[in-house]
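This is query_7.cif (mmCIF, C-alpha atoms, pLDDT in the B column; chains and numbers go by the auth columns).
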```cif
data_data
loop_
_atom_site.group_PDB
_atom_site.id
_atom_site.type_symbol
_atom_site.label_atom_id
_atom_site.label_comp_id
_atom_site.label_asym_id
_atom_site.label_seq_id
_atom_site.Cartn_x
_atom_site.Cartn_y
_atom_site.Cartn_z
_atom_site.B_iso_or_equiv
_atom_site.auth_seq_id
_atom_site.auth_asym_id
ATOM 1 C CA MET A 1 -60.529 72.608 -35.561 59.00 1 Z
ATOM 2 C CA LYS A 2 -64.256 73.294 -35.798 93.00 2 Z
ATOM 3 C CA ILE A 3 -66.579 71.236 -33.614 94.00 3 Z
ATOM 4 C CA HIS A 4 -68.461 69.771 -36.609 94.00 4 Z
ATOM 5 C CA GLU A 5 -65.182 68.530 -38.074 96.00 5 Z
ATOM 6 C CA GLU A 6 -64.223 66.954 -34.757 96.00 6 Z
ATOM 7 C CA ILE A 7 -67.646 65.284 -34.427 96.00 7 Z
ATOM 8 C CA TYR A 8 -67.129 63.853 -37.944 96.00 8 Z
ATOM 9 C CA ARG A 9 -63.733 62.469 -36.926 95.00 9 Z
ATOM 10 C CA LYS A 10 -65.109 60.984 -33.698 93.00 10 Z
ATOM 11 C CA LEU A 11 -67.913 59.214 -35.564 93.00 11 Z
ATOM 12 C CA PHE A 12 -65.429 57.552 -37.898 92.00 12 Z
ATOM 13 C CA ARG A 13 -63.163 56.572 -34.985 90.00 13 Z
ATOM 14 C CA LEU A 14 -66.128 54.889 -33.284 88.00 14 Z
ATOM 15 C CA MET A 15 -67.292 53.261 -36.520 87.00 15 Z
ATOM 16 C CA PRO A 16 -64.620 53.275 -39.253 86.00 16 Z
ATOM 17 C CA GLU A 17 -66.951 51.475 -41.695 84.00 17 Z
ATOM 18 C CA LEU A 18 -69.739 54.047 -41.325 86.00 18 Z
ATOM 19 C CA ASP A 19 -69.550 54.950 -45.022 84.00 19 Z
ATOM 20 C CA ASN A 20 -70.032 51.301 -46.011 83.00 20 Z
ATOM 21 C CA LEU A 21 -73.076 50.582 -43.850 85.00 21 Z
ATOM 22 C CA PRO A 22 -76.298 50.199 -45.837 86.00 22 Z
ATOM 23 C CA ILE A 23 -79.583 51.920 -45.155 88.00 23 Z
ATOM 24 C CA SER A 24 -81.318 49.434 -42.860 80.00 24 Z
ATOM 25 C CA LYS A 25 -84.323 49.147 -40.573 79.00 25 Z
ATOM 26 C CA GLU A 26 -82.217 47.148 -38.135 81.00 26 Z
ATOM 27 C CA PRO A 27 -79.740 49.226 -36.146 82.00 27 Z
ATOM 28 C CA PHE A 28 -76.034 48.730 -36.278 84.00 28 Z
ATOM 29 C CA LEU A 29 -74.530 48.725 -32.818 81.00 29 Z
ATOM 30 C CA ILE A 30 -71.549 50.292 -31.134 80.00 30 Z
ATOM 31 C CA GLU A 31 -71.289 48.618 -27.784 77.00 31 Z
ATOM 32 C CA LYS A 32 -69.194 48.030 -24.740 80.00 32 Z
ATOM 33 C CA GLU A 33 -70.037 45.214 -22.353 82.00 33 Z
ATOM 34 C CA GLY A 34 -71.887 46.481 -19.300 83.00 34 Z
ATOM 35 C CA THR A 35 -73.095 49.710 -20.947 83.00 35 Z
ATOM 36 C CA VAL A 36 -76.099 50.834 -22.973 84.00 36 Z
ATOM 37 C CA PRO A 37 -75.432 50.082 -26.687 84.00 37 Z
ATOM 38 C CA LEU A 38 -75.382 52.929 -29.175 85.00 38 Z
ATOM 39 C CA ASN A 39 -77.870 52.318 -32.015 87.00 39 Z
ATOM 40 C CA VAL A 40 -76.804 53.596 -35.432 89.00 40 Z
ATOM 41 C CA HIS A 41 -79.294 53.953 -38.283 89.00 41 Z
ATOM 42 C CA ILE A 42 -78.294 55.097 -41.755 92.00 42 Z
ATOM 43 C CA LEU A 43 -81.342 57.147 -42.755 92.00 43 Z
ATOM 44 C CA GLU A 44 -80.364 58.410 -46.184 92.00 44 Z
ATOM 45 C CA ARG A 45 -77.457 58.589 -48.608 93.00 45 Z
ATOM 46 C CA GLN A 46 -76.916 61.112 -51.374 92.00 46 Z
ATOM 47 C CA PRO A 47 -73.737 61.915 -53.252 92.00 47 Z
ATOM 48 C CA GLY A 48 -71.357 63.424 -50.714 92.00 48 Z
ATOM 49 C CA GLU A 49 -73.881 63.330 -47.854 94.00 49 Z
ATOM 50 C CA THR A 50 -75.229 60.817 -45.346 94.00 50 Z
ATOM 51 C CA MET A 51 -77.977 61.207 -42.745 94.00 51 Z
ATOM 52 C CA VAL A 52 -77.374 59.149 -39.610 94.00 52 Z
ATOM 53 C CA ASN A 53 -79.393 58.625 -36.447 92.00 53 Z
ATOM 54 C CA LEU A 54 -77.584 57.804 -33.199 91.00 54 Z
ATOM 55 C CA CYS A 55 -79.412 56.899 -30.009 89.00 55 Z
ATOM 56 C CA GLN A 56 -79.083 55.034 -26.761 86.00 56 Z
ATOM 57 C CA TYR A 57 -81.996 53.425 -24.919 81.00 57 Z
ATOM 58 C CA PRO A 58 -81.333 53.449 -21.184 77.00 58 Z
ATOM 59 C CA ARG A 59 -84.094 52.156 -18.896 76.00 59 Z
ATOM 60 C CA SER A 60 -86.142 54.724 -16.997 75.00 60 Z
ATOM 61 C CA GLU A 61 -86.992 54.293 -13.322 79.00 61 Z
ATOM 62 C CA SER A 62 -90.240 52.606 -14.415 83.00 62 Z
ATOM 63 C CA GLY A 63 -88.285 50.135 -16.566 79.00 63 Z
ATOM 64 C CA GLU A 64 -89.188 51.630 -19.950 78.00 64 Z
ATOM 65 C CA LEU A 65 -86.553 51.975 -22.655 76.00 65 Z
ATOM 66 C CA VAL A 66 -86.191 55.702 -23.322 75.00 66 Z
ATOM 67 C CA PRO A 67 -84.171 57.112 -26.248 74.00 67 Z
ATOM 68 C CA ASN A 68 -81.729 59.481 -24.569 77.00 68 Z
ATOM 69 C CA PRO A 69 -80.074 61.017 -26.393 85.00 69 Z
ATOM 70 C CA ASP A 70 -81.441 60.564 -29.900 89.00 70 Z
ATOM 71 C CA VAL A 71 -79.623 62.608 -32.550 93.00 71 Z
ATOM 72 C CA GLU A 72 -79.941 62.944 -36.320 93.00 72 Z
ATOM 73 C CA ILE A 73 -76.712 64.037 -37.953 95.00 73 Z
ATOM 74 C CA ARG A 74 -75.950 65.205 -41.489 95.00 74 Z
ATOM 75 C CA LEU A 75 -72.500 64.078 -42.650 95.00 75 Z
ATOM 76 C CA ASP A 76 -70.986 66.295 -45.332 95.00 76 Z
ATOM 77 C CA HIS A 77 -68.151 64.190 -46.742 94.00 77 Z
ATOM 78 C CA ALA A 78 -66.621 66.951 -48.870 95.00 78 Z
ATOM 79 C CA LYS A 79 -66.250 69.265 -45.855 95.00 79 Z
ATOM 80 C CA LYS A 80 -65.675 66.343 -43.462 96.00 80 Z
ATOM 81 C CA GLU A 81 -68.293 67.790 -41.118 95.00 81 Z
ATOM 82 C CA ALA A 82 -71.038 66.185 -39.031 95.00 82 Z
ATOM 83 C CA VAL A 83 -73.817 68.612 -38.129 94.00 83 Z
ATOM 84 C CA PRO A 84 -76.658 67.556 -35.804 93.00 84 Z
ATOM 85 C CA THR A 85 -80.063 68.439 -37.281 93.00 85 Z
ATOM 86 C CA VAL A 86 -82.361 67.013 -34.565 92.00 86 Z
ATOM 87 C CA TYR A 87 -81.472 66.450 -30.913 88.00 87 Z
ATOM 88 C CA ILE A 88 -83.864 64.658 -28.549 86.00 88 Z
ATOM 89 C CA ASP A 89 -83.167 64.145 -24.882 82.00 89 Z
ATOM 90 C CA LEU A 90 -85.151 64.092 -21.650 78.00 90 Z
ATOM 91 C CA ASN A 91 -85.729 67.850 -22.068 80.00 91 Z
ATOM 92 C CA GLY A 92 -87.528 67.361 -25.391 81.00 92 Z
ATOM 93 C CA ARG A 93 -86.893 67.734 -29.124 85.00 93 Z
ATOM 94 C CA THR A 94 -84.706 70.460 -30.606 85.00 94 Z
ATOM 95 C CA GLU A 95 -84.753 71.061 -34.367 85.00 95 Z
ATOM 96 C CA LEU A 96 -81.324 72.289 -35.431 85.00 96 Z
ATOM 97 C CA ASP A 97 -82.023 73.408 -38.983 79.00 97 Z
ATOM 98 C CA GLU A 98 -80.378 76.442 -40.603 80.00 98 Z
ATOM 99 C CA LYS A 99 -83.056 78.788 -39.231 80.00 99 Z
ATOM 100 C CA CYS A 100 -82.407 77.606 -35.667 75.00 100 Z
ATOM 101 C CA ARG A 101 -78.655 77.913 -36.132 77.00 101 Z
ATOM 102 C CA LYS A 102 -79.132 81.565 -37.133 78.00 102 Z
ATOM 103 C CA GLU A 103 -81.913 82.590 -34.712 79.00 103 Z
ATOM 104 C CA ARG A 104 -80.996 80.486 -31.663 79.00 104 Z
ATOM 105 C CA ARG A 105 -77.283 80.153 -32.133 81.00 105 Z
ATOM 106 C CA GLY A 106 -76.535 79.589 -28.437 84.00 106 Z
ATOM 107 C CA GLU A 107 -78.966 76.683 -28.216 84.00 107 Z
ATOM 108 C CA ALA A 108 -77.538 75.077 -31.366 86.00 108 Z
ATOM 109 C CA MET A 109 -73.986 75.473 -30.064 89.00 109 Z
ATOM 110 C CA GLN A 110 -75.011 73.875 -26.760 89.00 110 Z
ATOM 111 C CA LYS A 111 -76.423 70.825 -28.579 89.00 111 Z
ATOM 112 C CA ASP A 112 -73.240 70.606 -30.690 92.00 112 Z
ATOM 113 C CA ASP A 113 -71.223 70.592 -27.445 93.00 113 Z
ATOM 114 C CA GLU A 114 -73.507 67.948 -25.905 91.00 114 Z
ATOM 115 C CA LEU A 115 -73.056 65.672 -28.941 92.00 115 Z
ATOM 116 C CA TYR A 116 -69.288 66.189 -28.870 94.00 116 Z
ATOM 117 C CA SER A 117 -69.187 65.367 -25.129 93.00 117 Z
ATOM 118 C CA TRP A 118 -71.384 62.277 -25.588 90.00 118 Z
ATOM 119 C CA LEU A 119 -69.153 60.917 -28.379 92.00 119 Z
ATOM 120 C CA THR A 120 -66.055 61.677 -26.284 93.00 120 Z
ATOM 121 C CA ALA A 121 -67.550 59.725 -23.363 90.00 121 Z
ATOM 122 C CA LEU A 122 -68.323 56.761 -25.650 89.00 122 Z
ATOM 123 C CA GLU A 123 -64.717 56.756 -26.871 88.00 123 Z
ATOM 124 C CA LYS A 124 -63.362 56.891 -23.319 89.00 124 Z
ATOM 125 C CA GLN A 125 -65.626 53.997 -22.311 87.00 125 Z
ATOM 126 C CA GLY A 126 -64.017 51.906 -25.057 85.00 126 Z
ATOM 127 C CA PHE A 127 -66.995 51.412 -27.345 82.00 127 Z
ATOM 128 C CA LYS A 128 -66.286 49.331 -30.448 72.00 128 Z
ATOM 129 C CA ALA A 129 -68.085 48.977 -33.773 72.00 129 Z
ATOM 130 C CA VAL A 130 -70.445 45.990 -33.985 58.00 130 Z
ATOM 131 C CA SER A 131 -73.012 45.386 -36.705 53.00 131 Z
ATOM 132 C CA GLN A 132 -76.101 43.277 -36.066 48.00 132 Z
ATOM 133 C CA GLY A 133 -74.232 41.229 -33.474 44.00 133 Z
ATOM 134 C CA ARG A 134 -70.885 41.079 -35.260 40.00 134 Z
ATOM 135 C CA THR A 135 -67.909 43.373 -35.627 38.00 135 Z
ATOM 136 C CA VAL A 136 -68.060 45.703 -38.600 38.00 136 Z
ATOM 137 C CA SER A 137 -65.000 45.222 -40.794 32.00 137 Z
#
```
Represent the structure of the file as structure tokens.
Amino acid sequence: MKIHEEIYRKLFRLMPELDNLPISKEPFLIEKEGTVPLNVHILERQPGETMVNLCQYPRSESGELVPNPDVEIRLDHAKKEAVPTVYIDLNGRTELDEKCRKERRGEAMQKDDELYSWLTALEKQGFKAVSQGRTVS
């Protein structure tokens, strides 16, 4: 199975109602007690496609909330693929558009792997879907 298909599947395992969440300024949360919540923003919806932003805000040593990682993902529902388009972490911002995927393929593949690993870790930690303080159902 391709990594973008597996990322798509992982997103829907973490948040089965992802397709039904509205575009909202307030984040939807996937959380596990004692961990940093995962913020989910639906950025845009078009027929067959959804843009989603996922981020966590751990505290830095100085006490600031720092988005790490912060990922924008394009969901292609026909192909059942989730492709990261922007990846921000402590190392900076990486644009993962088509040009990057062709010219800097290794870097794009590394960010795909990092997203896959992050989602895998969230699953293993037992995160559950919660929306604005209540379970999404």
Within 12 Å of region 32-41 of chain Z, which residues of region 64-137 of chain Z come that close, and what is the closest atom pair and distance in Å for each? Count all atoms listed in the file and give it as a tab-separated table.
```
residue	atom	partner	partner_atom	distance
Z:Leu65	CA	Z:Val36	CA	10.5
Z:Val66	CA	Z:Val36	CA	11.2
Z:Pro67	CA	Z:Asn39	CA	9.8
Z:Asn68	CA	Z:Leu38	CA	10.2
Z:Pro69	CA	Z:Leu38	CA	9.8
Z:Asp70	CA	Z:Asn39	CA	9.2
Z:Val71	CA	Z:Val40	CA	9.9
Z:Glu72	CA	Z:His41	CA	9.2
Z:Ile73	CA	Z:His41	CA	10.4
Z:Trp118	CA	Z:Leu38	CA	10.8
Z:Leu119	CA	Z:Leu38	CA	10.2
Z:Ala121	CA	Z:Thr35	CA	11.7
Z:Leu122	CA	Z:Leu38	CA	8.8
Z:Glu123	CA	Z:Lys32	CA	10.0
Z:Lys124	CA	Z:Lys32	CA	10.7
Z:Gln125	CA	Z:Lys32	CA	7.4
Z:Gly126	CA	Z:Lys32	CA	6.5
Z:Phe127	CA	Z:Lys32	CA	4.8
Z:Lys128	CA	Z:Lys32	CA	6.5
Z:Ala129	CA	Z:Lys32	CA	9.1
Z:Val130	CA	Z:Lys32	CA	9.5
Z:Ser131	CA	Z:Val40	CA	9.1
Z:Gln132	CA	Z:Asn39	CA	10.1
Z:Gly133	CA	Z:Pro37	CA	11.2
Z:Thr135	CA	Z:Lys32	CA	11.9
```
Quick one: what's the axis-aligned box for region 73-76 of chain Z, all listed atoms, 6 Å on every side, centre and edges in Å to one decimal, as AutoDock Vina command-line options?
```
--center_x -73.8 --center_y 65.2 --center_z -41.6 --size_x 17.7 --size_y 14.3 --size_z 19.4
```
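Counting all atoms listed in the file and comparing Z:Leu18, Z:Leu90, Z:Ala78, Z:Ile3, the residue that lies closest to Gly48 (chain Z) is Z:Ala78.
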Go through Z:Cys100, Z:Asn53, Z:Tyr116, Z:Glu81 and flag the residue nearest Pro27 (chain Z), using only C-alpha atoms for the distances.
->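 Looking only at the distances to Pro27 (chain Z), the closest residue turns out to be Z:Asn53.
With CA of Leu54 (chain Z) on one side and CA of Arg74 (chain Z) on the other, the separation reads 11.2 Å.
Counting all atoms listed in the file and comparing Z:Thr120, Z:Leu115, Z:Gln56, Z:Arg13, the residue that lies closest to Phe28 (chain Z) is Z:Gln56.
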Place N, CA and C atoms on region 81-110 of chain Z and deliver the coordinates as a PDB file, keeping the file's coordinate frame.
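Wrote it out as part.pdb, contents follow:
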```
ATOM      1  N   GLU Z  81     -67.571  67.240 -42.251  1.00 95.00           N
ATOM      2  CA  GLU Z  81     -68.293  67.790 -41.118  1.00 95.00           C
ATOM      3  C   GLU Z  81     -69.498  66.918 -40.789  1.00 95.00           C
ATOM      4  N   ALA Z  82     -69.845  66.875 -39.507  1.00 95.00           N
ATOM      5  CA  ALA Z  82     -71.038  66.185 -39.031  1.00 95.00           C
ATOM      6  C   ALA Z  82     -71.839  67.192 -38.217  1.00 95.00           C
ATOM      7  N   VAL Z  83     -73.006  67.560 -38.742  1.00 94.00           N
ATOM      8  CA  VAL Z  83     -73.817  68.612 -38.129  1.00 94.00           C
ATOM      9  C   VAL Z  83     -75.122  68.003 -37.621  1.00 94.00           C
ATOM     10  N   PRO Z  84     -75.385  68.063 -36.303  1.00 93.00           N
ATOM     11  CA  PRO Z  84     -76.658  67.556 -35.804  1.00 93.00           C
ATOM     12  C   PRO Z  84     -77.815  68.403 -36.323  1.00 93.00           C
ATOM     13  N   THR Z  85     -78.889  67.729 -36.762  1.00 93.00           N
ATOM     14  CA  THR Z  85     -80.063  68.439 -37.281  1.00 93.00           C
ATOM     15  C   THR Z  85     -81.273  68.290 -36.364  1.00 93.00           C
ATOM     16  N   VAL Z  86     -81.319  67.221 -35.570  1.00 92.00           N
ATOM     17  CA  VAL Z  86     -82.361  67.013 -34.565  1.00 92.00           C
ATOM     18  C   VAL Z  86     -81.682  66.417 -33.338  1.00 92.00           C
ATOM     19  N   TYR Z  87     -82.044  66.945 -32.163  1.00 88.00           N
ATOM     20  CA  TYR Z  87     -81.472  66.450 -30.913  1.00 88.00           C
ATOM     21  C   TYR Z  87     -82.618  66.231 -29.931  1.00 88.00           C
ATOM     22  N   ILE Z  88     -82.806  64.983 -29.495  1.00 86.00           N
ATOM     23  CA  ILE Z  88     -83.864  64.658 -28.549  1.00 86.00           C
ATOM     24  C   ILE Z  88     -83.213  64.107 -27.284  1.00 86.00           C
ATOM     25  N   ASP Z  89     -83.606  64.678 -26.165  1.00 82.00           N
ATOM     26  CA  ASP Z  89     -83.167  64.145 -24.882  1.00 82.00           C
ATOM     27  C   ASP Z  89     -84.327  64.252 -23.903  1.00 82.00           C
ATOM     28  N   LEU Z  90     -84.069  64.060 -22.630  1.00 78.00           N
ATOM     29  CA  LEU Z  90     -85.151  64.092 -21.650  1.00 78.00           C
ATOM     30  C   LEU Z  90     -85.815  65.464 -21.560  1.00 78.00           C
ATOM     31  N   ASN Z  91     -85.163  66.499 -22.069  1.00 80.00           N
ATOM     32  CA  ASN Z  91     -85.729  67.850 -22.068  1.00 80.00           C
ATOM     33  C   ASN Z  91     -86.615  68.118 -23.275  1.00 80.00           C
ATOM     34  N   GLY Z  92     -86.681  67.186 -24.220  1.00 81.00           N
ATOM     35  CA  GLY Z  92     -87.528  67.361 -25.391  1.00 81.00           C
ATOM     36  C   GLY Z  92     -86.750  67.331 -26.694  1.00 81.00           C
ATOM     37  N   ARG Z  93     -87.433  67.759 -27.755  1.00 85.00           N
ATOM     38  CA  ARG Z  93     -86.893  67.734 -29.124  1.00 85.00           C
ATOM     39  C   ARG Z  93     -86.437  69.126 -29.524  1.00 85.00           C
ATOM     40  N   THR Z  94     -85.233  69.199 -30.093  1.00 85.00           N
ATOM     41  CA  THR Z  94     -84.706  70.460 -30.606  1.00 85.00           C
ATOM     42  C   THR Z  94     -84.380  70.287 -32.076  1.00 85.00           C
ATOM     43  N   GLU Z  95     -85.057  71.042 -32.932  1.00 85.00           N
ATOM     44  CA  GLU Z  95     -84.753  71.061 -34.367  1.00 85.00           C
ATOM     45  C   GLU Z  95     -83.559  71.990 -34.567  1.00 85.00           C
ATOM     46  N   LEU Z  96     -82.547  71.510 -35.238  1.00 85.00           N
ATOM     47  CA  LEU Z  96     -81.324  72.289 -35.431  1.00 85.00           C
ATOM     48  C   LEU Z  96     -81.101  72.592 -36.910  1.00 85.00           C
ATOM     49  N   ASP Z  97     -82.140  73.055 -37.575  1.00 79.00           N
ATOM     50  CA  ASP Z  97     -82.023  73.408 -38.983  1.00 79.00           C
ATOM     51  C   ASP Z  97     -81.290  74.749 -39.124  1.00 79.00           C
ATOM     52  N   GLU Z  98     -81.116  75.192 -40.351  1.00 80.00           N
ATOM     53  CA  GLU Z  98     -80.378  76.442 -40.603  1.00 80.00           C
ATOM     54  C   GLU Z  98     -81.020  77.636 -39.901  1.00 80.00           C
ATOM     55  N   LYS Z  99     -82.346  77.682 -39.883  1.00 80.00           N
ATOM     56  CA  LYS Z  99     -83.056  78.788 -39.231  1.00 80.00           C
ATOM     57  C   LYS Z  99     -82.717  78.826 -37.740  1.00 80.00           C
ATOM     58  N   CYS Z 100     -82.755  77.678 -37.083  1.00 75.00           N
ATOM     59  CA  CYS Z 100     -82.407  77.606 -35.667  1.00 75.00           C
ATOM     60  C   CYS Z 100     -80.968  78.043 -35.441  1.00 75.00           C
ATOM     61  N   ARG Z 101     -80.071  77.581 -36.314  1.00 77.00           N
ATOM     62  CA  ARG Z 101     -78.655  77.913 -36.132  1.00 77.00           C
ATOM     63  C   ARG Z 101     -78.398  79.406 -36.271  1.00 77.00           C
ATOM     64  N   LYS Z 102     -79.268  80.108 -37.000  1.00 78.00           N
ATOM     65  CA  LYS Z 102     -79.132  81.565 -37.133  1.00 78.00           C
ATOM     66  C   LYS Z 102     -79.847  82.296 -36.003  1.00 78.00           C
ATOM     67  N   GLU Z 103     -81.084  81.872 -35.676  1.00 79.00           N
ATOM     68  CA  GLU Z 103     -81.913  82.590 -34.712  1.00 79.00           C
ATOM     69  C   GLU Z 103     -81.620  82.210 -33.259  1.00 79.00           C
ATOM     70  N   ARG Z 104     -81.250  80.951 -33.028  1.00 79.00           N
ATOM     71  CA  ARG Z 104     -80.996  80.486 -31.663  1.00 79.00           C
ATOM     72  C   ARG Z 104     -79.606  79.857 -31.615  1.00 79.00           C
ATOM     73  N   ARG Z 105     -78.648  80.646 -31.984  1.00 81.00           N
ATOM     74  CA  ARG Z 105     -77.283  80.153 -32.133  1.00 81.00           C
ATOM     75  C   ARG Z 105     -76.742  79.508 -30.855  1.00 81.00           C
ATOM     76  N   GLY Z 106     -77.025  80.132 -29.705  1.00 84.00           N
ATOM     77  CA  GLY Z 106     -76.535  79.589 -28.437  1.00 84.00           C
ATOM     78  C   GLY Z 106     -77.066  78.200 -28.151  1.00 84.00           C
ATOM     79  N   GLU Z 107     -78.350  77.991 -28.431  1.00 84.00           N
ATOM     80  CA  GLU Z 107     -78.966  76.683 -28.216  1.00 84.00           C
ATOM     81  C   GLU Z 107     -78.355  75.632 -29.145  1.00 84.00           C
ATOM     82  N   ALA Z 108     -78.150  76.006 -30.408  1.00 86.00           N
ATOM     83  CA  ALA Z 108     -77.538  75.077 -31.366  1.00 86.00           C
ATOM     84  C   ALA Z 108     -76.108  74.731 -30.946  1.00 86.00           C
ATOM     85  N   MET Z 109     -75.362  75.717 -30.506  1.00 89.00           N
ATOM     86  CA  MET Z 109     -73.986  75.473 -30.064  1.00 89.00           C
ATOM     87  C   MET Z 109     -73.962  74.563 -28.834  1.00 89.00           C
ATOM     88  N   GLN Z 110     -74.931  74.728 -27.937  1.00 89.00           N
ATOM     89  CA  GLN Z 110     -75.011  73.875 -26.760  1.00 89.00           C
ATOM     90  C   GLN Z 110     -75.251  72.424 -27.164  1.00 89.00           C
TER      91      GLN Z 110
END
```
